[in-house]
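Coordinates from target04.pdb are shown below (PDB, C-alpha atoms).
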ATOM      1  CA  MET A   1     -20.102   5.833  11.667
ATOM      2  CA  ALA A   2     -19.781   2.122  12.302
ATOM      3  CA  ARG A   3     -17.437   1.198  15.125
ATOM      4  CA  VAL A   4     -16.890  -2.292  13.728
ATOM      5  CA  VAL A   5     -14.511  -2.530  10.773
ATOM      6  CA  LYS A   6     -15.130  -5.252   8.199
ATOM      7  CA  VAL A   7     -11.952  -7.005   7.106
ATOM      8  CA  ASP A   8     -12.224  -8.063   3.466
ATOM      9  CA  SER A   9      -8.706  -9.357   2.730
ATOM     10  CA  SER A  10      -5.622 -10.671   4.490
ATOM     11  CA  GLU A  11      -3.880  -7.408   3.515
ATOM     12  CA  SER A  12      -6.485  -5.318   5.330
ATOM     13  CA  TRP A  13      -6.248  -7.662   8.348
ATOM     14  CA  ASP A  14      -2.455  -7.167   8.454
ATOM     15  CA  PHE A  15      -2.897  -3.402   8.058
ATOM     16  CA  TYR A  16      -5.371  -3.078  10.964
ATOM     17  CA  VAL A  17      -3.338  -5.363  13.241
ATOM     18  CA  SER A  18      -0.155  -3.429  12.470
ATOM     19  CA  GLN A  19      -1.867  -0.066  13.020
ATOM     20  CA  ALA A  20      -3.378  -1.214  16.336
ATOM     21  CA  LYS A  21       0.001  -2.571  17.451
ATOM     22  CA  ASP A  22       1.680   0.788  16.709
ATOM     23  CA  GLN A  23      -1.009   2.600  18.708
ATOM     24  CA  GLY A  24      -1.039   0.112  21.583
ATOM     25  CA  CYS A  25      -4.702  -0.557  20.850
ATOM     26  CA  PRO A  26      -6.241  -3.939  21.738
ATOM     27  CA  ILE A  27      -8.246  -5.772  19.060
ATOM     28  CA  VAL A  28     -11.422  -7.788  19.458
ATOM     29  CA  ALA A  29     -12.110  -9.784  16.293
ATOM     30  CA  HIS A  30     -15.364 -11.579  15.468
ATOM     31  CA  PHE A  31     -14.887 -14.404  12.963
ATOM     32  CA  THR A  32     -18.243 -15.021  11.356
ATOM     33  CA  ALA A  33     -19.943 -16.631   8.361
ATOM     34  CA  SER A  34     -23.134 -15.575   6.603
ATOM     35  CA  TRP A  35     -24.467 -19.166   6.700
ATOM     36  CA  CYS A  36     -23.920 -19.509  10.467
ATOM     37  CA  ILE A  37     -27.065 -18.324  12.286
ATOM     38  CA  PRO A  38     -25.411 -17.919  15.738
ATOM     39  CA  SER A  39     -22.684 -15.795  14.093
ATOM     40  CA  VAL A  40     -25.196 -13.572  12.335
ATOM     41  CA  PHE A  41     -27.146 -13.305  15.605
ATOM     42  CA  MET A  42     -23.996 -11.976  17.340
ATOM     43  CA  ASN A  43     -23.403  -9.138  14.839
ATOM     44  CA  SER A  44     -25.664  -6.560  16.511
ATOM     45  CA  PHE A  45     -24.327  -7.525  19.959
ATOM     46  CA  PHE A  46     -20.774  -7.037  18.647
ATOM     47  CA  GLU A  47     -21.735  -3.573  17.312
ATOM     48  CA  GLU A  48     -23.107  -2.636  20.749
ATOM     49  CA  LEU A  49     -19.887  -3.793  22.420
ATOM     50  CA  ALA A  50     -17.856  -1.653  20.015
ATOM     51  CA  PHE A  51     -19.831   1.439  21.080
ATOM     52  CA  SER A  52     -19.170   0.670  24.754
ATOM     53  CA  TYR A  53     -15.420   0.137  24.403
ATOM     54  CA  LYS A  54     -14.079   2.951  22.271
ATOM     55  CA  ASP A  55     -10.413   2.336  23.099
ATOM     56  CA  ALA A  56     -10.364  -1.072  21.416
ATOM     57  CA  LEU A  57     -10.500  -1.871  17.708
ATOM     58  CA  PHE A  58     -13.385  -4.171  16.749
ATOM     59  CA  LEU A  59     -12.926  -6.168  13.554
ATOM     60  CA  ILE A  60     -15.384  -8.481  11.845
ATOM     61  CA  VAL A  61     -14.007 -11.163   9.556
ATOM     62  CA  ASP A  62     -16.130 -13.336   7.262
ATOM     63  CA  VAL A  63     -14.196 -16.601   7.132
ATOM     64  CA  ASP A  64     -15.429 -17.330   3.604
ATOM     65  CA  ASP A  65     -14.016 -14.005   2.358
ATOM     66  CA  VAL A  66     -10.749 -14.127   4.285
ATOM     67  CA  LYS A  67      -9.949 -17.854   4.595
ATOM     68  CA  GLU A  68      -6.205 -17.263   4.896
ATOM     69  CA  VAL A  69      -6.520 -15.205   8.100
ATOM     70  CA  ALA A  70      -8.936 -17.679   9.687
ATOM     71  CA  SER A  71      -6.576 -20.520   8.822
ATOM     72  CA  ARG A  72      -3.473 -18.682  10.082
ATOM     73  CA  LEU A  73      -5.183 -18.008  13.430
ATOM     74  CA  GLU A  74      -6.597 -21.551  13.618
ATOM     75  CA  VAL A  75     -10.209 -20.403  13.629
ATOM     76  CA  LYS A  76     -12.194 -23.578  13.010
ATOM     77  CA  ALA A  77     -15.722 -22.817  14.259
ATOM     78  CA  MET A  78     -18.092 -19.870  14.078
ATOM     79  CA  PRO A  79     -18.549 -17.609  15.811
ATOM     80  CA  THR A  80     -15.041 -17.232  17.219
ATOM     81  CA  PHE A  81     -14.013 -14.123  19.129
ATOM     82  CA  LEU A  82     -10.291 -13.469  19.246
ATOM     83  CA  PHE A  83      -8.565 -10.969  21.534
ATOM     84  CA  LEU A  84      -5.264  -9.579  20.242
ATOM     85  CA  LYS A  85      -2.658  -7.354  21.837
ATOM     86  CA  ASP A  86       0.545  -6.271  20.074
ATOM     87  CA  GLY A  87      -0.456  -8.496  17.161
ATOM     88  CA  ASN A  88      -0.651 -11.627  19.311
ATOM     89  CA  ALA A  89      -3.751 -13.646  20.174
ATOM     90  CA  MET A  90      -4.216 -13.424  23.955
ATOM     91  CA  ASP A  91      -7.605 -15.091  24.358
ATOM     92  CA  LYS A  92     -10.308 -16.826  22.327
ATOM     93  CA  ILE A  93     -13.989 -17.624  22.799
ATOM     94  CA  VAL A  94     -15.785 -20.057  20.519
ATOM     95  CA  GLY A  95     -19.572 -19.865  20.401
ATOM     96  CA  ALA A  96     -22.353 -17.327  20.853
ATOM     97  CA  ASN A  97     -22.208 -16.532  24.566
ATOM     98  CA  PRO A  98     -22.939 -12.788  24.971
ATOM     99  CA  ASP A  99     -22.443 -12.672  28.763
ATOM    100  CA  GLU A 100     -19.067 -14.397  28.665
ATOM    101  CA  ILE A 101     -17.918 -12.330  25.675
ATOM    102  CA  LYS A 102     -18.865  -9.070  27.386
ATOM    103  CA  LYS A 103     -17.064 -10.149  30.573
ATOM    104  CA  ARG A 104     -13.897 -11.088  28.637
ATOM    105  CA  VAL A 105     -13.959  -7.898  26.530
ATOM    106  CA  ASP A 106     -14.317  -5.839  29.686
ATOM    107  CA  GLY A 107     -11.383  -7.572  31.385
ATOM    108  CA  PHE A 108      -9.268  -7.494  28.239
ATOM    109  CA  VAL A 109      -9.803  -3.786  27.530
ATOM    110  CA  GLN A 110      -9.247  -2.867  31.205
ATOM    111  CA  SER A 111      -5.973  -4.804  31.313
ATOM    112  CA  SER A 112      -4.838  -3.173  28.066
ATOM    113  CA  ARG A 113      -5.228   0.376  29.332
ATOM    114  CA  VAL A 114      -1.964   2.148  29.975
ATOM    115  CA  VAL A 115      -1.997   3.908  33.313
ATOM    116  CA  PRO A 116       0.254   6.985  33.304
ATOM    117  CA  ILE A 117       2.792   7.065  36.118
ATOM    118  CA  ALA A 118       2.319  10.221  38.202
TER     119      ALA A 118
END

Show me this structure written as C-alpha cells.
Amino acid sequence: MARVVKVDSSESWDFYVSQAKDQGCPIVAHFTASWCIPSVFMNSFFEELAFSYKDALFLIVDVDDVKEVASRLEVKAMPTFLFLKDGNAMDKIVGANPDEIKKRVDGFVQSSRVVPIA
C-alpha cells in the first residue's frame, strides 16, 4: 500500500487536513507538477520518506490538478514541501534538496510527537 496519498481536489485536501488535525497527525505535503523535472525526481524520495515516518501523513498535490489549494497556500514554485500541524502551515521548503527536506521532516515529526506524562 502506498504511504503517500495523492490529493486530486480541494475537497480531498480539506478532508485529509481535517482528519489529520482531529488525530493530531502532522502533514508533509509535496506540491509537484508533471512538467517539472526536479518535482518528478523528488517523488521516489518522498515515497521513501513516507515509509520512514509512519506517524505523519504524506500528501502529494499536483498543482495543475488542484490549483485552488496551491493558490490558497501561496505555493508558487515546484517542488514545494509544506509542513502542517493542526491545519496550519508551520514550515516550507522550496526546491529539490533531499538532505534538507529529510532533516526538516525528521525535526518536524519529532516535535509533533506527543509524549505521555508518566

Quick one: apply the PyMOL selection byres ((chain A and resi 6) around 10) to the file and drop the selected residues here as number ranges by chain. A: 2-5, 7-9, 12-13, 29-30, 58-62

Report the residues retrieved by the PyMOL selection byres ((chain A and resi 98) around 12) from the displayed file, expressed as a PyMOL selection string. chain A and resi 38-39+41-46+48-49+79-81+93-97+99-105

Range 12-27 of chain A: axis-aligned bounding box, 6 Å on each side, centre and edge lengths in Å, one decimal, as JSON:
{"center_x": -3.3, "center_y": -2.5, "center_z": 13.5, "size_x": 21.9, "size_y": 22.3, "size_z": 28.4}

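Closest approach to Pro26 in chain A among A:Leu82, A:Ala70, A:Val75, A:Leu57 is made by A:Leu57 (distances from only C-alpha atoms).
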
Run the PyMOL selection byres ((chain A and resi 25) around 7) mentally over the shown coordinates, then write out the matched residues as an MDAnalysis selection string, using the chain letters and numbers from the document. chainID A and resid 20:21 23:24 26:27 55:57

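Atom pair CA of Leu84 in chain A / CA of Trp35 in chain A: separated by 25.4 Å.
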
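Between CA of Tyr53 in chain A and CA of Asp14 in chain A the separation is 21.8 Å.
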
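Each of A:Ser112, A:Ser34, A:Ser71, A:Ser18 was checked against Phe83 in chain A using all atoms listed in the file; the smallest atom-to-atom distance is that of A:Ser112.
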
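Here CA of Met78 in chain A is placed at a distance of 8.6 Å from CA of Val63 in chain A.
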
From the list A:Val69, A:Gln19, A:Lys54, A:Glu47, the nearest residue to Phe31 in chain A using only C-alpha atoms is A:Val69

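Compared by their closest atoms to Ala89 in chain A, and using all atoms listed in the file, the residues A:Ser111, A:Asp64, A:Asp106, A:Val28 rank with A:Val28 nearest.
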
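Among the candidate residues A:Glu74, A:Glu68, A:Glu11, A:Asp22, the one lying nearest to Asp86 in chain A is A:Asp22, with distances computed using all atoms listed in the file.
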
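Minimum atom-to-atom distance to Asn88 in chain A, evaluated using only C-alpha atoms, belongs to A:Arg72 out of A:Arg72, A:Cys36, A:Phe51, A:Arg113.
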